[in-house]
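This is model15.txt. It holds compact mmCIF, N, CA and C atoms.
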```txt
# COMPACT_ATOMS: atom_id res chain seq x y z
N MET V 1 -31.73 -71.03 4.18
CA MET V 1 -31.73 -70.42 5.51
C MET V 1 -32.96 -70.91 6.28
N ARG V 2 -32.77 -71.25 7.54
CA ARG V 2 -33.88 -71.76 8.32
C ARG V 2 -34.77 -70.62 8.83
N THR V 3 -36.02 -70.94 9.06
CA THR V 3 -36.98 -69.98 9.59
C THR V 3 -36.87 -69.98 11.11
N VAL V 4 -36.77 -68.80 11.69
CA VAL V 4 -36.65 -68.66 13.14
C VAL V 4 -37.84 -67.85 13.64
N LYS V 5 -38.52 -68.38 14.64
CA LYS V 5 -39.62 -67.64 15.25
C LYS V 5 -39.05 -66.68 16.28
N GLU V 6 -39.42 -65.43 16.17
CA GLU V 6 -38.97 -64.43 17.14
C GLU V 6 -39.59 -64.71 18.50
N VAL V 7 -38.78 -64.58 19.54
CA VAL V 7 -39.23 -64.73 20.91
C VAL V 7 -38.74 -63.52 21.68
N LYS V 8 -39.64 -62.89 22.41
CA LYS V 8 -39.27 -61.72 23.20
C LYS V 8 -38.99 -62.15 24.64
N VAL V 9 -37.87 -61.68 25.16
CA VAL V 9 -37.50 -61.91 26.56
C VAL V 9 -37.13 -60.56 27.13
N LYS V 10 -38.02 -59.99 27.90
CA LYS V 10 -37.87 -58.63 28.44
C LYS V 10 -37.64 -57.68 27.28
N ASP V 11 -36.46 -57.06 27.20
CA ASP V 11 -36.18 -56.10 26.13
C ASP V 11 -35.48 -56.73 24.92
N TYR V 12 -35.19 -58.02 24.99
CA TYR V 12 -34.47 -58.70 23.92
C TYR V 12 -35.45 -59.36 22.96
N ILE V 13 -35.10 -59.31 21.67
CA ILE V 13 -35.81 -60.07 20.66
C ILE V 13 -34.86 -61.16 20.18
N LEU V 14 -35.17 -62.40 20.50
CA LEU V 14 -34.36 -63.52 20.06
C LEU V 14 -34.88 -63.95 18.70
N ASP V 15 -34.10 -63.64 17.67
CA ASP V 15 -34.55 -63.88 16.30
C ASP V 15 -33.49 -64.55 15.44
N GLY V 16 -32.41 -65.00 16.08
CA GLY V 16 -31.35 -65.67 15.34
C GLY V 16 -30.34 -64.74 14.72
N LYS V 17 -30.55 -63.44 14.83
CA LYS V 17 -29.63 -62.46 14.22
C LYS V 17 -28.52 -62.06 15.17
N LYS V 18 -28.72 -62.27 16.45
CA LYS V 18 -27.73 -61.91 17.46
C LYS V 18 -27.64 -63.05 18.46
N ILE V 19 -26.45 -63.25 18.98
CA ILE V 19 -26.26 -64.27 20.00
C ILE V 19 -26.36 -63.62 21.38
N TYR V 20 -27.22 -64.18 22.22
CA TYR V 20 -27.36 -63.72 23.60
C TYR V 20 -26.78 -64.79 24.52
N ILE V 21 -26.01 -64.37 25.49
CA ILE V 21 -25.42 -65.30 26.44
C ILE V 21 -26.44 -65.60 27.52
N GLN V 22 -26.74 -66.89 27.66
CA GLN V 22 -27.73 -67.33 28.65
C GLN V 22 -27.08 -68.38 29.54
N SER V 23 -27.39 -68.32 30.83
CA SER V 23 -26.86 -69.32 31.74
C SER V 23 -27.95 -69.78 32.69
N MET V 24 -27.85 -71.04 33.08
CA MET V 24 -28.78 -71.64 34.03
C MET V 24 -28.12 -71.65 35.39
N LEU V 25 -28.85 -71.19 36.40
CA LEU V 25 -28.33 -71.26 37.76
C LEU V 25 -28.14 -72.73 38.14
N ASN V 26 -27.08 -73.01 38.90
CA ASN V 26 -26.88 -74.40 39.31
C ASN V 26 -26.91 -74.57 40.83
N LYS V 27 -27.43 -73.58 41.51
CA LYS V 27 -27.65 -73.69 42.95
C LYS V 27 -29.00 -74.36 43.19
N ARG V 28 -29.15 -74.98 44.34
CA ARG V 28 -30.45 -75.57 44.69
C ARG V 28 -31.49 -74.46 44.78
N SER V 29 -32.70 -74.76 44.37
CA SER V 29 -33.74 -73.75 44.36
C SER V 29 -34.11 -73.27 45.76
N ASP V 30 -33.80 -74.06 46.79
CA ASP V 30 -34.08 -73.61 48.16
C ASP V 30 -32.94 -72.79 48.75
N ASP V 31 -31.87 -72.62 47.98
CA ASP V 31 -30.76 -71.76 48.39
C ASP V 31 -30.96 -70.39 47.75
N ILE V 32 -31.87 -69.63 48.34
CA ILE V 32 -32.23 -68.31 47.77
C ILE V 32 -31.00 -67.41 47.70
N GLU V 33 -30.29 -67.28 48.81
CA GLU V 33 -29.14 -66.38 48.86
C GLU V 33 -28.08 -66.80 47.84
N GLY V 34 -27.77 -68.09 47.78
CA GLY V 34 -26.77 -68.58 46.83
C GLY V 34 -27.19 -68.36 45.39
N SER V 35 -28.48 -68.57 45.11
CA SER V 35 -29.00 -68.37 43.75
C SER V 35 -28.95 -66.91 43.35
N VAL V 36 -29.32 -66.02 44.27
CA VAL V 36 -29.27 -64.59 43.99
C VAL V 36 -27.82 -64.16 43.75
N ASP V 37 -26.91 -64.61 44.61
CA ASP V 37 -25.50 -64.27 44.44
C ASP V 37 -24.98 -64.75 43.08
N GLN V 38 -25.36 -65.95 42.70
CA GLN V 38 -24.92 -66.49 41.42
C GLN V 38 -25.48 -65.68 40.25
N ALA V 39 -26.74 -65.28 40.34
CA ALA V 39 -27.35 -64.46 39.28
C ALA V 39 -26.63 -63.11 39.16
N VAL V 40 -26.29 -62.52 40.28
CA VAL V 40 -25.56 -61.25 40.29
C VAL V 40 -24.20 -61.43 39.63
N GLU V 41 -23.50 -62.50 39.98
CA GLU V 41 -22.18 -62.77 39.39
C GLU V 41 -22.28 -63.02 37.89
N LEU V 42 -23.32 -63.73 37.46
CA LEU V 42 -23.51 -63.96 36.03
C LEU V 42 -23.74 -62.65 35.29
N GLU V 43 -24.54 -61.77 35.87
CA GLU V 43 -24.78 -60.47 35.23
C GLU V 43 -23.47 -59.69 35.13
N LYS V 44 -22.69 -59.69 36.20
CA LYS V 44 -21.40 -58.98 36.18
C LYS V 44 -20.45 -59.54 35.14
N ALA V 45 -20.55 -60.86 34.90
CA ALA V 45 -19.67 -61.53 33.94
C ALA V 45 -20.11 -61.32 32.49
N GLY V 46 -21.27 -60.69 32.29
CA GLY V 46 -21.74 -60.41 30.94
C GLY V 46 -22.87 -61.27 30.44
N CYS V 47 -23.44 -62.06 31.29
CA CYS V 47 -24.59 -62.89 30.91
C CYS V 47 -25.77 -61.98 30.55
N ASP V 48 -26.47 -62.31 29.46
CA ASP V 48 -27.61 -61.51 29.02
C ASP V 48 -28.94 -61.98 29.60
N ILE V 49 -29.06 -63.30 29.81
CA ILE V 49 -30.30 -63.90 30.28
C ILE V 49 -29.94 -64.97 31.30
N VAL V 50 -30.67 -65.02 32.40
CA VAL V 50 -30.42 -66.07 33.40
C VAL V 50 -31.67 -66.93 33.54
N ARG V 51 -31.44 -68.25 33.66
CA ARG V 51 -32.54 -69.20 33.85
C ARG V 51 -32.44 -69.83 35.22
N ALA V 52 -33.60 -70.02 35.84
CA ALA V 52 -33.66 -70.67 37.15
C ALA V 52 -34.70 -71.78 37.10
N ALA V 53 -34.33 -72.94 37.61
CA ALA V 53 -35.29 -74.04 37.72
C ALA V 53 -36.28 -73.71 38.83
N ILE V 54 -37.54 -73.92 38.55
CA ILE V 54 -38.60 -73.72 39.54
C ILE V 54 -39.30 -75.07 39.71
N PRO V 55 -38.75 -75.94 40.57
CA PRO V 55 -39.27 -77.30 40.68
C PRO V 55 -40.49 -77.46 41.58
N ASN V 56 -40.78 -76.44 42.40
CA ASN V 56 -41.90 -76.55 43.33
C ASN V 56 -42.36 -75.14 43.73
N MET V 57 -43.47 -75.06 44.45
CA MET V 57 -44.03 -73.76 44.83
C MET V 57 -43.08 -72.97 45.73
N GLU V 58 -42.32 -73.64 46.55
CA GLU V 58 -41.37 -72.96 47.42
C GLU V 58 -40.34 -72.17 46.59
N ALA V 59 -39.98 -72.71 45.44
CA ALA V 59 -38.97 -72.08 44.58
C ALA V 59 -39.46 -70.79 43.93
N ILE V 60 -40.76 -70.54 43.94
CA ILE V 60 -41.29 -69.30 43.37
C ILE V 60 -40.66 -68.10 44.07
N LYS V 61 -40.27 -68.26 45.33
CA LYS V 61 -39.62 -67.17 46.09
C LYS V 61 -38.34 -66.70 45.43
N LEU V 62 -37.71 -67.56 44.63
CA LEU V 62 -36.49 -67.17 43.92
C LEU V 62 -36.72 -66.00 42.97
N ILE V 63 -37.88 -65.99 42.35
CA ILE V 63 -38.11 -65.02 41.27
C ILE V 63 -38.03 -63.58 41.75
N PRO V 64 -38.83 -63.15 42.73
CA PRO V 64 -38.69 -61.75 43.16
C PRO V 64 -37.33 -61.47 43.81
N ALA V 65 -36.75 -62.47 44.47
CA ALA V 65 -35.45 -62.26 45.11
C ALA V 65 -34.38 -61.96 44.05
N ILE V 66 -34.41 -62.71 42.96
CA ILE V 66 -33.44 -62.47 41.88
C ILE V 66 -33.76 -61.18 41.14
N LYS V 67 -35.04 -60.95 40.84
CA LYS V 67 -35.44 -59.75 40.10
C LYS V 67 -35.07 -58.47 40.85
N ASP V 68 -35.04 -58.53 42.18
CA ASP V 68 -34.65 -57.36 42.98
C ASP V 68 -33.18 -57.02 42.84
N LYS V 69 -32.36 -57.98 42.43
CA LYS V 69 -30.90 -57.78 42.43
C LYS V 69 -30.25 -57.71 41.06
N VAL V 70 -30.95 -58.15 40.01
CA VAL V 70 -30.35 -58.11 38.67
C VAL V 70 -31.25 -57.35 37.70
N ASN V 71 -30.65 -56.87 36.64
CA ASN V 71 -31.40 -56.15 35.61
C ASN V 71 -31.57 -56.95 34.33
N ILE V 72 -30.96 -58.14 34.28
CA ILE V 72 -31.10 -58.98 33.09
C ILE V 72 -32.38 -59.82 33.21
N PRO V 73 -32.91 -60.28 32.08
CA PRO V 73 -34.13 -61.07 32.12
C PRO V 73 -33.94 -62.39 32.88
N LEU V 74 -35.00 -62.79 33.57
CA LEU V 74 -35.02 -64.05 34.30
C LEU V 74 -36.06 -64.97 33.66
N VAL V 75 -35.60 -66.15 33.28
CA VAL V 75 -36.46 -67.17 32.69
C VAL V 75 -36.70 -68.25 33.74
N ALA V 76 -37.96 -68.55 33.99
CA ALA V 76 -38.32 -69.61 34.93
C ALA V 76 -38.46 -70.91 34.14
N ASP V 77 -37.68 -71.90 34.50
CA ASP V 77 -37.67 -73.20 33.83
C ASP V 77 -38.62 -74.14 34.57
N ILE V 78 -39.70 -74.55 33.90
CA ILE V 78 -40.78 -75.28 34.56
C ILE V 78 -40.88 -76.70 34.00
N HIS V 79 -41.04 -77.67 34.90
CA HIS V 79 -41.29 -79.06 34.54
C HIS V 79 -42.37 -79.62 35.44
N PHE V 80 -43.18 -80.49 34.91
CA PHE V 80 -44.12 -81.33 35.65
C PHE V 80 -45.40 -80.67 36.15
N ASP V 81 -45.45 -79.36 36.38
CA ASP V 81 -46.66 -78.78 36.96
C ASP V 81 -46.93 -77.41 36.34
N TYR V 82 -47.97 -77.33 35.52
CA TYR V 82 -48.30 -76.07 34.85
C TYR V 82 -48.63 -74.96 35.84
N LYS V 83 -49.07 -75.31 37.05
CA LYS V 83 -49.40 -74.30 38.05
C LYS V 83 -48.16 -73.51 38.45
N LEU V 84 -47.01 -74.14 38.40
CA LEU V 84 -45.75 -73.43 38.68
C LEU V 84 -45.51 -72.34 37.64
N ALA V 85 -45.88 -72.62 36.39
CA ALA V 85 -45.71 -71.62 35.34
C ALA V 85 -46.59 -70.40 35.61
N LEU V 86 -47.82 -70.64 36.01
CA LEU V 86 -48.72 -69.53 36.30
C LEU V 86 -48.21 -68.72 37.49
N GLU V 87 -47.73 -69.40 38.51
CA GLU V 87 -47.18 -68.70 39.68
C GLU V 87 -45.91 -67.93 39.32
N ALA V 88 -45.09 -68.50 38.45
CA ALA V 88 -43.86 -67.81 38.02
C ALA V 88 -44.18 -66.51 37.29
N ILE V 89 -45.21 -66.55 36.44
CA ILE V 89 -45.65 -65.34 35.74
C ILE V 89 -46.11 -64.30 36.76
N ALA V 90 -46.93 -64.74 37.70
CA ALA V 90 -47.44 -63.82 38.72
C ALA V 90 -46.31 -63.24 39.58
N ALA V 91 -45.25 -64.01 39.77
CA ALA V 91 -44.13 -63.56 40.60
C ALA V 91 -43.17 -62.64 39.86
N GLY V 92 -43.36 -62.48 38.54
CA GLY V 92 -42.56 -61.52 37.80
C GLY V 92 -41.51 -62.08 36.87
N ALA V 93 -41.53 -63.38 36.58
CA ALA V 93 -40.57 -63.93 35.63
C ALA V 93 -40.72 -63.23 34.29
N ASP V 94 -39.60 -62.95 33.64
CA ASP V 94 -39.64 -62.28 32.34
C ASP V 94 -40.06 -63.23 31.23
N LYS V 95 -39.83 -64.50 31.43
CA LYS V 95 -40.21 -65.53 30.46
C LYS V 95 -40.37 -66.83 31.21
N VAL V 96 -41.27 -67.66 30.72
CA VAL V 96 -41.46 -68.99 31.28
C VAL V 96 -41.10 -69.99 30.19
N ARG V 97 -40.26 -70.93 30.53
CA ARG V 97 -39.87 -71.99 29.59
C ARG V 97 -40.44 -73.29 30.12
N ILE V 98 -41.26 -73.95 29.31
CA ILE V 98 -41.84 -75.21 29.74
C ILE V 98 -41.58 -76.30 28.71
N ASN V 99 -41.60 -77.52 29.17
CA ASN V 99 -41.51 -78.67 28.29
C ASN V 99 -42.86 -79.36 28.34
N PRO V 100 -43.67 -79.23 27.29
CA PRO V 100 -45.02 -79.77 27.34
C PRO V 100 -45.05 -81.29 27.47
N GLY V 101 -43.96 -81.94 27.17
CA GLY V 101 -43.91 -83.40 27.27
C GLY V 101 -43.96 -83.92 28.68
N ASN V 102 -43.70 -83.05 29.66
CA ASN V 102 -43.74 -83.57 31.04
C ASN V 102 -44.67 -82.76 31.94
N ILE V 103 -45.64 -82.09 31.35
CA ILE V 103 -46.62 -81.34 32.13
C ILE V 103 -47.91 -82.14 32.20
N GLY V 104 -48.31 -82.53 33.39
CA GLY V 104 -49.60 -83.19 33.61
C GLY V 104 -49.64 -84.63 33.13
N LYS V 105 -50.76 -85.28 33.39
CA LYS V 105 -50.99 -86.65 32.97
C LYS V 105 -51.19 -86.68 31.46
N ARG V 106 -50.76 -87.76 30.86
CA ARG V 106 -50.84 -87.89 29.40
C ARG V 106 -52.25 -87.60 28.87
N GLU V 107 -53.27 -88.13 29.50
CA GLU V 107 -54.63 -87.94 28.99
C GLU V 107 -55.14 -86.51 29.17
N ASN V 108 -54.55 -85.76 30.10
CA ASN V 108 -54.98 -84.38 30.35
C ASN V 108 -54.04 -83.35 29.73
N ARG V 109 -52.97 -83.81 29.11
CA ARG V 109 -51.93 -82.89 28.64
C ARG V 109 -52.44 -81.85 27.65
N LYS V 110 -53.25 -82.27 26.68
CA LYS V 110 -53.75 -81.32 25.68
C LYS V 110 -54.62 -80.25 26.33
N ILE V 111 -55.49 -80.64 27.22
CA ILE V 111 -56.36 -79.67 27.91
C ILE V 111 -55.52 -78.75 28.79
N THR V 112 -54.59 -79.32 29.52
CA THR V 112 -53.72 -78.53 30.39
C THR V 112 -52.93 -77.52 29.57
N MET V 113 -52.32 -77.97 28.48
CA MET V 113 -51.51 -77.07 27.67
C MET V 113 -52.36 -75.99 27.00
N LEU V 114 -53.54 -76.35 26.52
CA LEU V 114 -54.42 -75.35 25.92
C LEU V 114 -54.80 -74.29 26.94
N SER V 115 -55.15 -74.71 28.15
CA SER V 115 -55.47 -73.75 29.21
C SER V 115 -54.29 -72.86 29.50
N TYR V 116 -53.11 -73.46 29.59
CA TYR V 116 -51.91 -72.69 29.89
C TYR V 116 -51.63 -71.67 28.79
N PHE V 117 -51.72 -72.10 27.53
CA PHE V 117 -51.48 -71.17 26.42
C PHE V 117 -52.41 -69.97 26.49
N ILE V 118 -53.67 -70.22 26.69
CA ILE V 118 -54.65 -69.13 26.73
C ILE V 118 -54.34 -68.17 27.88
N ILE V 119 -54.10 -68.71 29.06
CA ILE V 119 -53.81 -67.86 30.22
C ILE V 119 -52.52 -67.08 30.01
N ALA V 120 -51.47 -67.73 29.55
CA ALA V 120 -50.18 -67.06 29.38
C ALA V 120 -50.26 -65.95 28.34
N ILE V 121 -50.93 -66.21 27.25
CA ILE V 121 -51.04 -65.20 26.20
C ILE V 121 -51.77 -63.96 26.72
N PHE V 122 -52.85 -64.17 27.44
CA PHE V 122 -53.62 -63.04 27.95
C PHE V 122 -52.91 -62.32 29.09
N ILE V 123 -52.19 -63.06 29.93
CA ILE V 123 -51.55 -62.41 31.08
C ILE V 123 -50.41 -61.50 30.62
N CYS V 124 -49.47 -62.04 29.88
CA CYS V 124 -48.32 -61.17 29.56
C CYS V 124 -47.47 -61.65 28.40
N ASN V 125 -47.98 -62.53 27.59
CA ASN V 125 -47.24 -62.98 26.42
C ASN V 125 -45.83 -63.44 26.78
N GLN V 126 -45.73 -64.26 27.81
CA GLN V 126 -44.43 -64.69 28.30
C GLN V 126 -44.16 -66.18 28.10
N LEU V 127 -44.74 -66.78 27.11
CA LEU V 127 -44.65 -68.23 26.97
C LEU V 127 -43.62 -68.63 25.92
N THR V 128 -42.76 -69.55 26.30
CA THR V 128 -41.87 -70.21 25.34
C THR V 128 -42.02 -71.70 25.57
N VAL V 129 -42.38 -72.42 24.55
CA VAL V 129 -42.50 -73.86 24.65
C VAL V 129 -41.35 -74.49 23.89
N ARG V 130 -40.69 -75.42 24.54
CA ARG V 130 -39.56 -76.08 23.92
C ARG V 130 -40.03 -77.14 22.98
```
How does this structure look as structure tokens?
Amino acid sequence: MRTVKEVKVKDYILDGKKIYIQSMLNKRSDDIEGSVDQAVELEKAGCDIVRAAIPNMEAIKLIPAIKDKVNIPLVADIHFDYKLALEAIAAGADKVRINPGNIGKRENRKITMLSYFIIAIFICNQLTVR
């Protein structure tokens, strides 16, 4: 049997013992209304967790807009800029998902990731690294 690290997402404990339905929004991040509507529809359809791409600072507006309309956890999917992860946490994302392979310049990646880990752990324990 493989070892699974428990990950908490809002009220859910993802530990491999239960399957949670997760879906990624496929609306453009600048389409706030469309993204919110899609998140609402996913929740109605039985989705347990919704993910939204946060490609830039403007997209941070998605987080409170979606959180105001759904009760399921919202995961902010972050690429390329660790500052987006910090802003997503501040905006109320239930979990932040990052890919450390594409955050920052190669020579600064270790320092950037270490800083991010420390900040995320102290702020709200909302870090998931792929």
### Task
Please identify all polymer residues within 6 Å of region 15-32 of chain V, counting all atoms listed in the file, omitting same-chain residues fewer than 2 positions from it, and present them as a list of chain:residue names.
V:Val4, V:Lys5, V:Glu6, V:Val7, V:Ile13, V:Gly34, V:Ser35, V:Val36, V:Asp37, V:Cys47, V:Asp48, V:Ile49, V:Val50, V:Arg51, V:Ala52, V:Ala53, V:Ala59, V:Leu62
I need the residues from that last selection saved to file as a CSV table (one decimal), in the frame of the given file (with N, CA and C atoms), if you can.
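The result, stored in selection.csv:
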```csv
chain,number,residue,atom,x,y,z
V,4,VAL,N,-36.8,-68.8,11.7
V,4,VAL,CA,-36.6,-68.7,13.1
V,4,VAL,C,-37.8,-67.8,13.6
V,5,LYS,N,-38.5,-68.4,14.6
V,5,LYS,CA,-39.6,-67.6,15.2
V,5,LYS,C,-39.0,-66.7,16.3
V,6,GLU,N,-39.4,-65.4,16.2
V,6,GLU,CA,-39.0,-64.4,17.1
V,6,GLU,C,-39.6,-64.7,18.5
V,7,VAL,N,-38.8,-64.6,19.5
V,7,VAL,CA,-39.2,-64.7,20.9
V,7,VAL,C,-38.7,-63.5,21.7
V,13,ILE,N,-35.1,-59.3,21.7
V,13,ILE,CA,-35.8,-60.1,20.7
V,13,ILE,C,-34.9,-61.2,20.2
V,34,GLY,N,-27.8,-68.1,47.8
V,34,GLY,CA,-26.8,-68.6,46.8
V,34,GLY,C,-27.2,-68.4,45.4
V,35,SER,N,-28.5,-68.6,45.1
V,35,SER,CA,-29.0,-68.4,43.8
V,35,SER,C,-29.0,-66.9,43.4
V,36,VAL,N,-29.3,-66.0,44.3
V,36,VAL,CA,-29.3,-64.6,44.0
V,36,VAL,C,-27.8,-64.2,43.8
V,37,ASP,N,-26.9,-64.6,44.6
V,37,ASP,CA,-25.5,-64.3,44.4
V,37,ASP,C,-25.0,-64.8,43.1
V,47,CYS,N,-23.4,-62.1,31.3
V,47,CYS,CA,-24.6,-62.9,30.9
V,47,CYS,C,-25.8,-62.0,30.6
V,48,ASP,N,-26.5,-62.3,29.5
V,48,ASP,CA,-27.6,-61.5,29.0
V,48,ASP,C,-28.9,-62.0,29.6
V,49,ILE,N,-29.1,-63.3,29.8
V,49,ILE,CA,-30.3,-63.9,30.3
V,49,ILE,C,-29.9,-65.0,31.3
V,50,VAL,N,-30.7,-65.0,32.4
V,50,VAL,CA,-30.4,-66.1,33.4
V,50,VAL,C,-31.7,-66.9,33.5
V,51,ARG,N,-31.4,-68.2,33.7
V,51,ARG,CA,-32.5,-69.2,33.8
V,51,ARG,C,-32.4,-69.8,35.2
V,52,ALA,N,-33.6,-70.0,35.8
V,52,ALA,CA,-33.7,-70.7,37.2
V,52,ALA,C,-34.7,-71.8,37.1
V,53,ALA,N,-34.3,-72.9,37.6
V,53,ALA,CA,-35.3,-74.0,37.7
V,53,ALA,C,-36.3,-73.7,38.8
V,59,ALA,N,-40.0,-72.7,45.4
V,59,ALA,CA,-39.0,-72.1,44.6
V,59,ALA,C,-39.5,-70.8,43.9
V,62,LEU,N,-37.7,-67.6,44.6
V,62,LEU,CA,-36.5,-67.2,43.9
V,62,LEU,C,-36.7,-66.0,43.0
```
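Take CA of Gly46 (chain V) and CA of Ile72 (chain V): the distance between them is 9.7 Å.
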### Separation of atom N of Leu84 (chain V) from CA of Glu41 (chain V), in Å and rounded to one decimal
27.3 Å
### Task
Rounded to one decimal place, report the CA of Gly92 (chain V)-atom N of Ala39 (chain V) distance in Å.
16.5 Å
### Task
May I have all residues of region 43-72 of chain V that DSSP, computed from the backbone, assigns to helix (DSSP H, G or I), given as a list of chain:residue names?
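So the helix (DSSP H, G or I) residues in region 43-72 of chain V would be V:Glu43, V:Lys44, V:Met57, V:Glu58, V:Ala59, V:Ile60, V:Lys61, V:Leu62, V:Ile63, V:Pro64, V:Ala65, V:Ile66, V:Lys67.
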Once you add 3 Å to each side, what are the centre and edge lengths of the axis-aligned box holding all listed atoms of region 72-81 of chain V? One decimal in Å, as lines of an AutoDock Vina configuration file, if you can.
```
center_x = -38.9
center_y = -69.7
center_z = 34.5
size_x = 22.0
size_y = 29.2
size_z = 10.9
```
#### Entry: Shortest interatomic distance to Ile66 (chain V) - which of V:Tyr12, V:Glu33, V:Phe80, V:Ala45, counting only C-alpha atoms
V:Glu33
### Query
Which residue out of V:Pro55, V:Ala93, V:Pro64, V:Pro73 has the minimum interatomic distance to Asp11 (chain V) when all atoms listed in the file are used?
V:Pro73
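With only N, CA and C atoms as the atoms that count, the minimum distance from Lys10 (chain V) to the choices V:Glu87, V:Ile78, V:Asp94, V:Val40 is reached by V:Asp94.
Among V:Ala91, V:Val96, V:Leu42, V:Leu14, the residue with the shortest atom-to-atom distance to Glu58 (chain V), counting only C-alpha atoms, is V:Ala91.
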